[in-house]
Structures are given as C-alpha cells and as structure tokens.
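File shown: my_file-v3.cif. Contents: mmCIF, N, CA and C atoms.
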data_start
#
loop_
_atom_site.label_atom_id
_atom_site.label_comp_id
_atom_site.auth_asym_id
_atom_site.auth_seq_id
_atom_site.Cartn_x
_atom_site.Cartn_y
_atom_site.Cartn_z
N MET A 1 78.28 64.51 103.13
CA MET A 1 79.71 64.33 103.13
C MET A 1 80.28 64.45 104.54
N THR A 2 79.48 64.09 105.50
CA THR A 2 79.95 64.06 106.89
C THR A 2 79.63 62.70 107.48
N THR A 3 80.29 62.42 108.56
CA THR A 3 80.04 61.18 109.27
C THR A 3 80.03 61.47 110.77
N ASP A 4 79.34 60.60 111.51
CA ASP A 4 79.24 60.78 112.95
C ASP A 4 80.29 59.91 113.63
N LEU A 5 81.12 60.51 114.46
CA LEU A 5 82.16 59.77 115.17
C LEU A 5 82.05 60.10 116.65
N GLY A 6 81.40 59.23 117.38
CA GLY A 6 81.25 59.42 118.82
C GLY A 6 80.49 60.68 119.17
N GLY A 7 79.47 61.01 118.41
CA GLY A 7 78.67 62.20 118.68
C GLY A 7 79.18 63.45 118.00
N ALA A 8 80.37 63.42 117.45
CA ALA A 8 80.92 64.57 116.74
C ALA A 8 80.75 64.35 115.24
N ILE A 9 80.33 65.39 114.56
CA ILE A 9 80.17 65.29 113.11
C ILE A 9 81.46 65.77 112.45
N ILE A 10 82.06 64.90 111.66
CA ILE A 10 83.32 65.21 110.99
C ILE A 10 83.17 64.95 109.50
N PRO A 11 84.01 65.57 108.68
CA PRO A 11 83.94 65.33 107.23
C PRO A 11 84.31 63.88 106.90
N SER A 12 83.60 63.34 105.95
CA SER A 12 83.89 61.97 105.51
C SER A 12 85.05 61.99 104.52
N GLU A 13 85.47 60.81 104.11
CA GLU A 13 86.55 60.72 103.12
C GLU A 13 86.14 61.38 101.82
N ALA A 14 84.88 61.22 101.45
CA ALA A 14 84.38 61.86 100.22
C ALA A 14 84.40 63.39 100.38
N GLY A 15 84.13 63.88 101.58
CA GLY A 15 84.17 65.32 101.83
C GLY A 15 85.58 65.86 101.68
N PHE A 16 86.54 65.15 102.26
CA PHE A 16 87.95 65.57 102.11
C PHE A 16 88.38 65.54 100.65
N ARG A 17 88.00 64.48 99.95
CA ARG A 17 88.37 64.36 98.55
C ARG A 17 87.77 65.50 97.72
N MET A 18 86.51 65.81 97.98
CA MET A 18 85.85 66.89 97.25
C MET A 18 86.54 68.23 97.53
N ALA A 19 86.89 68.48 98.79
CA ALA A 19 87.57 69.73 99.14
C ALA A 19 88.93 69.83 98.45
N LEU A 20 89.67 68.73 98.41
CA LEU A 20 90.98 68.75 97.76
C LEU A 20 90.85 68.94 96.25
N ILE A 21 89.88 68.27 95.64
CA ILE A 21 89.68 68.42 94.19
C ILE A 21 89.24 69.84 93.86
N LEU A 22 88.35 70.39 94.67
CA LEU A 22 87.89 71.75 94.46
C LEU A 22 89.04 72.74 94.62
N GLY A 23 89.86 72.56 95.64
CA GLY A 23 91.02 73.43 95.85
C GLY A 23 92.03 73.33 94.71
N ALA A 24 92.25 72.13 94.22
CA ALA A 24 93.18 71.94 93.10
C ALA A 24 92.66 72.62 91.84
N GLY A 25 91.37 72.50 91.59
CA GLY A 25 90.77 73.13 90.41
C GLY A 25 90.86 74.65 90.47
N ILE A 26 90.59 75.20 91.65
CA ILE A 26 90.68 76.65 91.81
C ILE A 26 92.12 77.11 91.65
N SER A 27 93.07 76.32 92.13
CA SER A 27 94.49 76.67 91.99
C SER A 27 94.90 76.69 90.52
N VAL A 28 94.42 75.74 89.75
CA VAL A 28 94.73 75.70 88.31
C VAL A 28 94.14 76.92 87.62
N LEU A 29 92.90 77.26 87.95
CA LEU A 29 92.28 78.44 87.35
C LEU A 29 93.02 79.72 87.74
N ALA A 30 93.46 79.82 88.98
CA ALA A 30 94.21 81.00 89.42
C ALA A 30 95.55 81.10 88.69
N THR A 31 96.19 79.96 88.44
CA THR A 31 97.46 79.95 87.71
C THR A 31 97.26 80.41 86.28
N ILE A 32 96.21 79.95 85.65
CA ILE A 32 95.92 80.36 84.27
C ILE A 32 95.61 81.86 84.22
N LEU A 33 94.83 82.34 85.18
CA LEU A 33 94.51 83.75 85.23
C LEU A 33 95.76 84.60 85.47
N ALA A 34 96.64 84.16 86.35
CA ALA A 34 97.88 84.90 86.63
C ALA A 34 98.79 84.91 85.41
N ALA A 35 98.78 83.85 84.62
CA ALA A 35 99.61 83.80 83.42
C ALA A 35 99.12 84.77 82.35
N CYS A 36 97.87 85.17 82.42
CA CYS A 36 97.31 86.10 81.43
C CYS A 36 97.60 87.55 81.75
N ILE A 37 98.11 87.84 82.94
CA ILE A 37 98.43 89.21 83.32
C ILE A 37 99.74 89.60 82.65
N PRO A 38 99.76 90.68 81.88
CA PRO A 38 101.00 91.06 81.19
C PRO A 38 102.09 91.48 82.17
N ALA A 39 103.32 91.22 81.79
CA ALA A 39 104.47 91.58 82.63
C ALA A 39 104.68 93.08 82.60
N ALA A 40 105.20 93.59 83.69
CA ALA A 40 105.49 95.03 83.75
C ALA A 40 106.68 95.35 82.86
N THR A 41 106.57 96.43 82.17
CA THR A 41 107.68 96.86 81.32
C THR A 41 108.29 98.12 81.91
N THR A 42 109.59 98.23 81.75
CA THR A 42 110.26 99.43 82.25
C THR A 42 110.33 100.43 81.11
N LYS A 43 110.01 101.65 81.44
CA LYS A 43 110.06 102.71 80.44
C LYS A 43 111.40 103.41 80.55
N LYS A 44 111.98 103.69 79.40
CA LYS A 44 113.24 104.42 79.39
C LYS A 44 112.92 105.90 79.60
N VAL A 45 113.50 106.45 80.63
CA VAL A 45 113.26 107.85 80.95
C VAL A 45 114.46 108.66 80.48
N ALA A 46 114.18 109.67 79.70
CA ALA A 46 115.25 110.53 79.22
C ALA A 46 115.81 111.33 80.38
N THR A 47 117.11 111.34 80.51
CA THR A 47 117.78 112.09 81.56
C THR A 47 118.30 113.38 80.97
N ALA A 48 117.92 114.48 81.57
CA ALA A 48 118.38 115.79 81.09
C ALA A 48 119.79 116.05 81.60
N VAL A 49 120.61 116.53 80.73
CA VAL A 49 121.97 116.90 81.11
C VAL A 49 122.03 118.42 81.14
N ILE A 50 122.43 118.93 82.28
CA ILE A 50 122.47 120.38 82.47
C ILE A 50 123.92 120.82 82.50
N LEU A 51 124.24 121.81 81.70
CA LEU A 51 125.59 122.37 81.68
C LEU A 51 125.60 123.63 82.52
N ASP A 52 126.55 123.70 83.43
CA ASP A 52 126.65 124.94 84.22
C ASP A 52 127.53 125.95 83.49
N GLN A 53 127.88 127.00 84.13
CA GLN A 53 128.58 128.10 83.48
C GLN A 53 129.98 127.70 83.01
N GLU A 54 130.62 126.72 83.63
CA GLU A 54 131.97 126.30 83.21
C GLU A 54 131.93 125.14 82.22
N SER A 55 130.77 124.81 81.72
CA SER A 55 130.58 123.73 80.76
C SER A 55 130.98 122.37 81.30
N THR A 56 130.74 122.11 82.56
CA THR A 56 130.95 120.78 83.12
C THR A 56 129.59 120.12 83.26
N VAL A 57 129.59 118.84 83.15
CA VAL A 57 128.34 118.09 83.20
C VAL A 57 127.92 117.91 84.65
N VAL A 58 126.70 118.29 84.93
CA VAL A 58 126.13 118.11 86.27
C VAL A 58 124.93 117.19 86.13
N ARG A 59 124.89 116.14 86.90
CA ARG A 59 123.77 115.18 86.80
C ARG A 59 122.90 115.27 88.00
#
What's the structure tokens form of this structure?
Amino acid sequence: MTTDLGGAIIPSEAGFRMALILGAGISVLATILAACIPAATTKKVATAVILDQESTVVR
C-alpha cells in the first residue's frame, strides 16, 4: 500500500483509503461503546436542619 515517488516511499491511494475506512470503523465502534455507558445520576442528599436555642433555622 505504498508507492515510490522520486525515491521517497509514500502511501498509495489504497493505503489512504484503508486508513480512512479503518478510522471510520473504529469511530463507529467507539460511539457505540460510549452510548452503552450509563448516564450519571444525581443523588438527593438529605439536608439536616439544625435549630439553635432561639428556634431559628440555621442552614
């Protein structure tokens, strides 16, 4: 999948095509894998309310 151009070895058109197809396939697989990761959920945390000596709410 290489060709000789003036003494330099460069990727051929088939080499570029194979690299692009391979990259596209890996991208699709990564997208599918990412879609399978569950979303983060927020947990409701109970907030304690403390009453001081004058019965006022302090947060």
### Message
If we count only C-alpha atoms and set the cut-off at 10 Å, which residues sit around region 14-20 of chain A, ignoring sequence neighbours fewer than 4 positions away in its own chain? Please answer as an MDAnalysis selection string.
### Response
chainID A and resid 1:3 10 24:26
### Query
In Å, with one decimal, what is the gap from CA of Gly23 (chain A) to CA of Ala39 (chain A)?
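We find that CA of Gly23 (chain A) and CA of Ala39 (chain A) lie 26.2 Å from each other.
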### Interatomic distance (Å, one decimal) between atom N of Leu22 (chain A) and CA of Ala35 (chain A)
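Taking atom N of Leu22 (chain A) and CA of Ala35 (chain A), their separation equals 20.8 Å.
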### Message
So the first atom is atom C of Pro11 (chain A) and the second is CA of Leu29 (chain A); what is the distance between them in Å, to one decimal place?
### Response
25.6 Å
Kindly output region 36-47 of chain A as a CSV table (one decimal), in the frame of the given file, after building all heavy atoms.
chain,number,residue,atom,x,y,z
A,36,CYS,N,97.9,85.2,82.4
A,36,CYS,CA,97.3,86.1,81.4
A,36,CYS,C,97.6,87.6,81.8
A,36,CYS,O,97.4,88.4,80.9
A,36,CYS,CB,95.8,85.9,81.3
A,36,CYS,SG,95.4,84.3,80.7
A,37,ILE,N,98.1,87.8,82.9
A,37,ILE,CA,98.4,89.2,83.3
A,37,ILE,C,99.7,89.6,82.6
A,37,ILE,O,100.7,88.9,82.8
A,37,ILE,CB,98.6,89.3,84.9
A,37,ILE,CG1,97.2,89.0,85.5
A,37,ILE,CG2,99.0,90.7,85.2
A,37,ILE,CD1,97.3,88.9,87.0
A,38,PRO,N,99.8,90.7,81.9
A,38,PRO,CA,101.0,91.1,81.2
A,38,PRO,C,102.1,91.5,82.2
A,38,PRO,O,101.8,92.0,83.2
A,38,PRO,CB,100.6,92.2,80.3
A,38,PRO,CG,99.3,92.7,80.9
A,38,PRO,CD,98.7,91.6,81.6
A,39,ALA,N,103.3,91.2,81.8
A,39,ALA,CA,104.5,91.6,82.6
A,39,ALA,C,104.7,93.1,82.6
A,39,ALA,O,104.4,93.8,81.6
A,39,ALA,CB,105.7,90.9,82.1
A,40,ALA,N,105.2,93.6,83.7
A,40,ALA,CA,105.5,95.0,83.8
A,40,ALA,C,106.7,95.4,82.9
A,40,ALA,O,107.6,94.6,82.8
A,40,ALA,CB,105.8,95.4,85.2
A,41,THR,N,106.6,96.4,82.2
A,41,THR,CA,107.7,96.9,81.3
A,41,THR,C,108.3,98.1,81.9
A,41,THR,O,107.6,99.0,82.5
A,41,THR,CB,107.2,97.2,79.9
A,41,THR,OG1,106.2,98.2,79.9
A,41,THR,CG2,106.7,95.9,79.2
A,42,THR,N,109.6,98.2,81.8
A,42,THR,CA,110.3,99.4,82.2
A,42,THR,C,110.3,100.4,81.1
A,42,THR,O,110.7,100.1,80.0
A,42,THR,CB,111.7,99.1,82.8
A,42,THR,OG1,112.4,98.5,81.7
A,42,THR,CG2,111.6,98.2,83.9
A,43,LYS,N,110.0,101.6,81.4
A,43,LYS,CA,110.1,102.7,80.4
A,43,LYS,C,111.4,103.4,80.6
A,43,LYS,O,111.9,103.7,81.6
A,43,LYS,CB,108.9,103.7,80.7
A,43,LYS,CG,107.6,103.1,80.4
A,43,LYS,CD,106.5,104.2,80.7
A,43,LYS,CE,105.1,103.6,80.5
A,43,LYS,NZ,104.1,104.6,80.7
A,44,LYS,N,112.0,103.7,79.4
A,44,LYS,CA,113.2,104.4,79.4
A,44,LYS,C,112.9,105.9,79.6
A,44,LYS,O,112.1,106.5,78.9
A,44,LYS,CB,114.0,104.2,78.1
A,44,LYS,CG,114.5,102.8,77.9
A,44,LYS,CD,115.2,102.6,76.6
A,44,LYS,CE,115.7,101.2,76.5
A,44,LYS,NZ,116.5,101.0,75.3
A,45,VAL,N,113.5,106.4,80.6
A,45,VAL,CA,113.3,107.8,81.0
A,45,VAL,C,114.5,108.7,80.5
A,45,VAL,O,115.6,108.3,80.8
A,45,VAL,CB,113.1,108.0,82.5
A,45,VAL,CG1,112.9,109.5,82.8
A,45,VAL,CG2,111.9,107.2,82.9
A,46,ALA,N,114.2,109.7,79.7
A,46,ALA,CA,115.2,110.5,79.2
A,46,ALA,C,115.8,111.3,80.4
A,46,ALA,O,115.1,111.9,81.2
A,46,ALA,CB,114.7,111.5,78.1
A,47,THR,N,117.1,111.3,80.5
A,47,THR,CA,117.8,112.1,81.6
A,47,THR,C,118.3,113.4,81.0
A,47,THR,O,119.0,113.4,80.0
A,47,THR,CB,118.9,111.3,82.2
A,47,THR,OG1,118.5,110.0,82.6
A,47,THR,CG2,119.6,112.0,83.3
